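Everything below concerns the one structure shown next.
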Amino acid sequence: MNELELVSFQIISAVGTAKSNYIEAMRLAEKGKFEEAEEKIKEGQKVFLDGHKAHAGLIQKEAAGEGVNINLLLMHAEDQLMSAETVKIMAEEIIKLNKRIETLEK
């Protein structure tokens, strides 16, 4: 396995775990478990940053003049990175909405 494949898999693994945490946060919020939901967001963010750092390393290589060969695996990793970021934003909004619903129902 070459370095680019290794970094791609690091990104995919980290952001996949983050996305799972964000989805779990939405499920917890639906049950009114807001503190647990917010903790899942924090856990997800920590893992997401690992993937982001790996991706940033590739950008730094490219900026330093070292070519990075784009391949399908890296494209998938970047897609997963962006997808996880979107899911985080949605999860945060869903937590807020569930809090609001709970308040209005009281």
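Ordering of the structure tokens sets the chain letters (A, B, ...), residue numbers begin anew at 1 in every chain, and ligands are numbered from 1 in the order given.
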
Considering only C-alpha atoms, return as a PDB file with N, CA, C and O atoms, in the first residue's frame whatever protein or nucleic-acid residues lie within 12 Å of Ile11 (chain A), sequence-local ones (same chain, fewer than 6 positions apart) excluded.
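Output file part.pdb is given in full below:
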```
ATOM      1  N   LEU A   4      -0.309   7.455  -0.324  1.00  0.00           N
ATOM      2  CA  LEU A   4      -1.577   8.091  -0.645  1.00  0.00           C
ATOM      3  C   LEU A   4      -2.757   7.194  -0.269  1.00  0.00           C
ATOM      4  O   LEU A   4      -3.759   7.673   0.276  1.00  0.00           O
ATOM      5  N   GLU A   5      -2.627   5.899  -0.534  1.00  0.00           N
ATOM      6  CA  GLU A   5      -3.697   4.971  -0.157  1.00  0.00           C
ATOM      7  C   GLU A   5      -3.863   4.928   1.360  1.00  0.00           C
ATOM      8  O   GLU A   5      -4.982   4.923   1.874  1.00  0.00           O
ATOM      9  N   THR A  17     -16.229   7.228  11.261  1.00  0.00           N
ATOM     10  CA  THR A  17     -16.520   7.142  12.695  1.00  0.00           C
ATOM     11  C   THR A  17     -17.207   8.416  13.172  1.00  0.00           C
ATOM     12  O   THR A  17     -18.177   8.360  13.936  1.00  0.00           O
ATOM     13  N   ALA A  18     -16.715   9.558  12.710  1.00  0.00           N
ATOM     14  CA  ALA A  18     -17.328  10.834  13.085  1.00  0.00           C
ATOM     15  C   ALA A  18     -18.784  10.871  12.625  1.00  0.00           C
ATOM     16  O   ALA A  18     -19.680  11.260  13.394  1.00  0.00           O
ATOM     17  N   LYS A  19     -19.025  10.464  11.394  1.00  0.00           N
ATOM     18  CA  LYS A  19     -20.389  10.493  10.859  1.00  0.00           C
ATOM     19  C   LYS A  19     -21.313   9.593  11.681  1.00  0.00           C
ATOM     20  O   LYS A  19     -22.451   9.960  11.977  1.00  0.00           O
ATOM     21  N   VAL A  47     -12.711  12.933  16.327  1.00  0.00           N
ATOM     22  CA  VAL A  47     -12.291  11.953  15.324  1.00  0.00           C
ATOM     23  C   VAL A  47     -12.251  12.586  13.939  1.00  0.00           C
ATOM     24  O   VAL A  47     -11.350  12.313  13.145  1.00  0.00           O
ATOM     25  N   PHE A  48     -13.220  13.459  13.662  1.00  0.00           N
ATOM     26  CA  PHE A  48     -13.252  14.156  12.377  1.00  0.00           C
ATOM     27  C   PHE A  48     -11.957  14.932  12.160  1.00  0.00           C
ATOM     28  O   PHE A  48     -11.406  14.945  11.057  1.00  0.00           O
ATOM     29  N   LEU A  49     -11.458  15.564  13.218  1.00  0.00           N
ATOM     30  CA  LEU A  49     -10.231  16.350  13.093  1.00  0.00           C
ATOM     31  C   LEU A  49      -9.042  15.490  12.681  1.00  0.00           C
ATOM     32  O   LEU A  49      -8.153  15.971  11.975  1.00  0.00           O
ATOM     33  N   ASP A  50      -9.025  14.230  13.088  1.00  0.00           N
ATOM     34  CA  ASP A  50      -7.959  13.322  12.642  1.00  0.00           C
ATOM     35  C   ASP A  50      -7.989  13.175  11.123  1.00  0.00           C
ATOM     36  O   ASP A  50      -6.958  13.226  10.460  1.00  0.00           O
ATOM     37  N   GLY A  51      -9.188  12.996  10.589  1.00  0.00           N
ATOM     38  CA  GLY A  51      -9.328  12.895   9.140  1.00  0.00           C
ATOM     39  C   GLY A  51      -8.993  14.198   8.440  1.00  0.00           C
ATOM     40  O   GLY A  51      -8.350  14.209   7.387  1.00  0.00           O
ATOM     41  N   HIS A  52      -9.399  15.287   9.039  1.00  0.00           N
ATOM     42  CA  HIS A  52      -9.115  16.602   8.462  1.00  0.00           C
ATOM     43  C   HIS A  52      -7.609  16.872   8.443  1.00  0.00           C
ATOM     44  O   HIS A  52      -7.079  17.401   7.456  1.00  0.00           O
ATOM     45  N   LYS A  53      -6.919  16.501   9.510  1.00  0.00           N
ATOM     46  CA  LYS A  53      -5.468  16.698   9.570  1.00  0.00           C
ATOM     47  C   LYS A  53      -4.763  15.868   8.496  1.00  0.00           C
ATOM     48  O   LYS A  53      -3.816  16.344   7.861  1.00  0.00           O
ATOM     49  N   ALA A  54      -5.210  14.632   8.299  1.00  0.00           N
ATOM     50  CA  ALA A  54      -4.617  13.788   7.260  1.00  0.00           C
ATOM     51  C   ALA A  54      -4.820  14.428   5.893  1.00  0.00           C
ATOM     52  O   ALA A  54      -3.907  14.459   5.060  1.00  0.00           O
ATOM     53  N   HIS A  55      -6.009  14.970   5.663  1.00  0.00           N
ATOM     54  CA  HIS A  55      -6.321  15.627   4.397  1.00  0.00           C
ATOM     55  C   HIS A  55      -5.479  16.892   4.235  1.00  0.00           C
ATOM     56  O   HIS A  55      -4.938  17.155   3.153  1.00  0.00           O
ATOM     57  N   ALA A  56      -5.348  17.656   5.321  1.00  0.00           N
ATOM     58  CA  ALA A  56      -4.546  18.886   5.277  1.00  0.00           C
ATOM     59  C   ALA A  56      -3.088  18.573   4.941  1.00  0.00           C
ATOM     60  O   ALA A  56      -2.426  19.354   4.245  1.00  0.00           O
ATOM     61  N   GLY A  57      -2.599  17.426   5.411  1.00  0.00           N
ATOM     62  CA  GLY A  57      -1.239  17.018   5.076  1.00  0.00           C
ATOM     63  C   GLY A  57      -1.051  16.855   3.579  1.00  0.00           C
ATOM     64  O   GLY A  57      -0.009  17.237   3.024  1.00  0.00           O
ATOM     65  N   LEU A  58      -2.052  16.319   2.913  1.00  0.00           N
ATOM     66  CA  LEU A  58      -1.983  16.173   1.452  1.00  0.00           C
ATOM     67  C   LEU A  58      -1.987  17.540   0.772  1.00  0.00           C
ATOM     68  O   LEU A  58      -1.264  17.760  -0.201  1.00  0.00           O
ATOM     69  N   LEU A  73      -9.808   6.410  -4.898  1.00  0.00           N
ATOM     70  CA  LEU A  73      -9.808   6.232  -3.446  1.00  0.00           C
ATOM     71  C   LEU A  73      -9.729   7.584  -2.733  1.00  0.00           C
ATOM     72  O   LEU A  73     -10.462   7.833  -1.770  1.00  0.00           O
ATOM     73  N   LEU A  74      -8.869   8.473  -3.194  1.00  0.00           N
ATOM     74  CA  LEU A  74      -8.769   9.799  -2.592  1.00  0.00           C
ATOM     75  C   LEU A  74     -10.056  10.596  -2.831  1.00  0.00           C
ATOM     76  O   LEU A  74     -10.531  11.299  -1.930  1.00  0.00           O
ATOM     77  N   MET A  75     -10.630  10.469  -4.004  1.00  0.00           N
ATOM     78  CA  MET A  75     -11.898  11.153  -4.281  1.00  0.00           C
ATOM     79  C   MET A  75     -12.979  10.673  -3.322  1.00  0.00           C
ATOM     80  O   MET A  75     -13.761  11.474  -2.790  1.00  0.00           O
ATOM     81  N   HIS A  76     -12.996   9.374  -3.058  1.00  0.00           N
ATOM     82  CA  HIS A  76     -13.968   8.805  -2.113  1.00  0.00           C
ATOM     83  C   HIS A  76     -13.713   9.363  -0.712  1.00  0.00           C
ATOM     84  O   HIS A  76     -14.657   9.729   0.004  1.00  0.00           O
ATOM     85  N   ALA A  77     -12.453   9.433  -0.323  1.00  0.00           N
ATOM     86  CA  ALA A  77     -12.098   9.958   1.000  1.00  0.00           C
ATOM     87  C   ALA A  77     -12.569  11.406   1.147  1.00  0.00           C
ATOM     88  O   ALA A  77     -13.135  11.783   2.177  1.00  0.00           O
ATOM     89  N   GLU A  78     -12.339  12.213   0.124  1.00  0.00           N
ATOM     90  CA  GLU A  78     -12.766  13.606   0.176  1.00  0.00           C
ATOM     91  C   GLU A  78     -14.288  13.715   0.204  1.00  0.00           C
ATOM     92  O   GLU A  78     -14.836  14.557   0.914  1.00  0.00           O
ATOM     93  N   ASP A  79     -14.969  12.862  -0.526  1.00  0.00           N
ATOM     94  CA  ASP A  79     -16.428  12.841  -0.513  1.00  0.00           C
ATOM     95  C   ASP A  79     -16.940  12.500   0.883  1.00  0.00           C
ATOM     96  O   ASP A  79     -17.866  13.139   1.391  1.00  0.00           O
ATOM     97  N   GLN A  80     -16.326  11.514   1.510  1.00  0.00           N
ATOM     98  CA  GLN A  80     -16.728  11.129   2.860  1.00  0.00           C
ATOM     99  C   GLN A  80     -16.455  12.250   3.861  1.00  0.00           C
ATOM    100  O   GLN A  80     -17.241  12.478   4.782  1.00  0.00           O
ATOM    101  N   LEU A  81     -15.341  12.946   3.686  1.00  0.00           N
ATOM    102  CA  LEU A  81     -14.997  14.074   4.542  1.00  0.00           C
ATOM    103  C   LEU A  81     -16.080  15.151   4.468  1.00  0.00           C
ATOM    104  O   LEU A  81     -16.579  15.628   5.496  1.00  0.00           O
ATOM    105  N   MET A  82     -16.463  15.517   3.268  1.00  0.00           N
ATOM    106  CA  MET A  82     -17.487  16.548   3.087  1.00  0.00           C
ATOM    107  C   MET A  82     -18.843  16.070   3.590  1.00  0.00           C
ATOM    108  O   MET A  82     -19.594  16.838   4.188  1.00  0.00           O
ATOM    109  N   ALA A  84     -19.426  13.905   6.006  1.00  0.00           N
ATOM    110  CA  ALA A  84     -19.431  13.916   7.475  1.00  0.00           C
ATOM    111  C   ALA A  84     -19.631  15.329   8.001  1.00  0.00           C
ATOM    112  O   ALA A  84     -20.355  15.544   8.980  1.00  0.00           O
TER     113      ALA A  84
END
```

**OP:** List the neighbours of Glu93 (chain A) out to 12 Å using only C-alpha atoms; skip same-chain residues closer than 3 positions along the sequence, and give me the result as a PyMOL selection string.
**Re:** chain A and resi 22+25-26+29-30+37-38+41+86-90+96-100

**OP:** Considering only C-alpha atoms, state which residue in the set A:Lys31, A:Glu3, A:Gly67, A:Glu24 is at the smallest distance from Glu43 (chain A).
**Re:** A:Glu24

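When CA of Ser83 (chain A) is paired with CA of Ile101 (chain A), their separation reads 26.5 Å.
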
Subject >> Filtered DSSP result for region 41-82 of chain A, state helix (DSSP H, G or I), as a ChimeraX atom specification >> reply: /A:41-63,72-82

Let's have the selection written as a JSON list (two decimals), in the first residue's frame, with C-alpha atoms.
```json
[["chain", "number", "residue", "atom", "x", "y", "z"],
["A", 41, "ILE", "CA", -21.09, 15.57, 18.60],
["A", 42, "LYS", "CA", -17.92, 16.34, 20.57],
["A", 43, "GLU", "CA", -16.64, 12.77, 20.17],
["A", 44, "GLY", "CA", -17.37, 12.93, 16.46],
["A", 45, "GLN", "CA", -15.57, 16.24, 16.10],
["A", 46, "LYS", "CA", -12.43, 14.86, 17.75],
["A", 47, "VAL", "CA", -12.29, 11.95, 15.32],
["A", 48, "PHE", "CA", -13.25, 14.16, 12.38],
["A", 49, "LEU", "CA", -10.23, 16.35, 13.09],
["A", 50, "ASP", "CA", -7.96, 13.32, 12.64],
["A", 51, "GLY", "CA", -9.33, 12.90, 9.14],
["A", 52, "HIS", "CA", -9.12, 16.60, 8.46],
["A", 53, "LYS", "CA", -5.47, 16.70, 9.57],
["A", 54, "ALA", "CA", -4.62, 13.79, 7.26],
["A", 55, "HIS", "CA", -6.32, 15.63, 4.40],
["A", 56, "ALA", "CA", -4.55, 18.89, 5.28],
["A", 57, "GLY", "CA", -1.24, 17.02, 5.08],
["A", 58, "LEU", "CA", -1.98, 16.17, 1.45],
["A", 59, "ILE", "CA", -2.84, 19.79, 0.71],
["A", 60, "GLN", "CA", 0.44, 20.91, 2.28],
["A", 61, "LYS", "CA", 2.36, 18.43, 0.11],
["A", 62, "GLU", "CA", 0.65, 19.75, -2.98],
["A", 63, "ALA", "CA", 1.37, 23.36, -1.95],
["A", 72, "LEU", "CA", -10.71, 7.18, -7.02],
["A", 73, "LEU", "CA", -9.81, 6.23, -3.45],
["A", 74, "LEU", "CA", -8.77, 9.80, -2.59],
["A", 75, "MET", "CA", -11.90, 11.15, -4.28],
["A", 76, "HIS", "CA", -13.97, 8.81, -2.11],
["A", 77, "ALA", "CA", -12.10, 9.96, 1.00],
["A", 78, "GLU", "CA", -12.77, 13.61, 0.18],
["A", 79, "ASP", "CA", -16.43, 12.84, -0.51],
["A", 80, "GLN", "CA", -16.73, 11.13, 2.86],
["A", 81, "LEU", "CA", -15.00, 14.07, 4.54],
["A", 82, "MET", "CA", -17.49, 16.55, 3.09]]
```

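Between CA of Thr103 (chain A) and CA of Glu85 (chain A) the interatomic distance comes to 27.6 Å.
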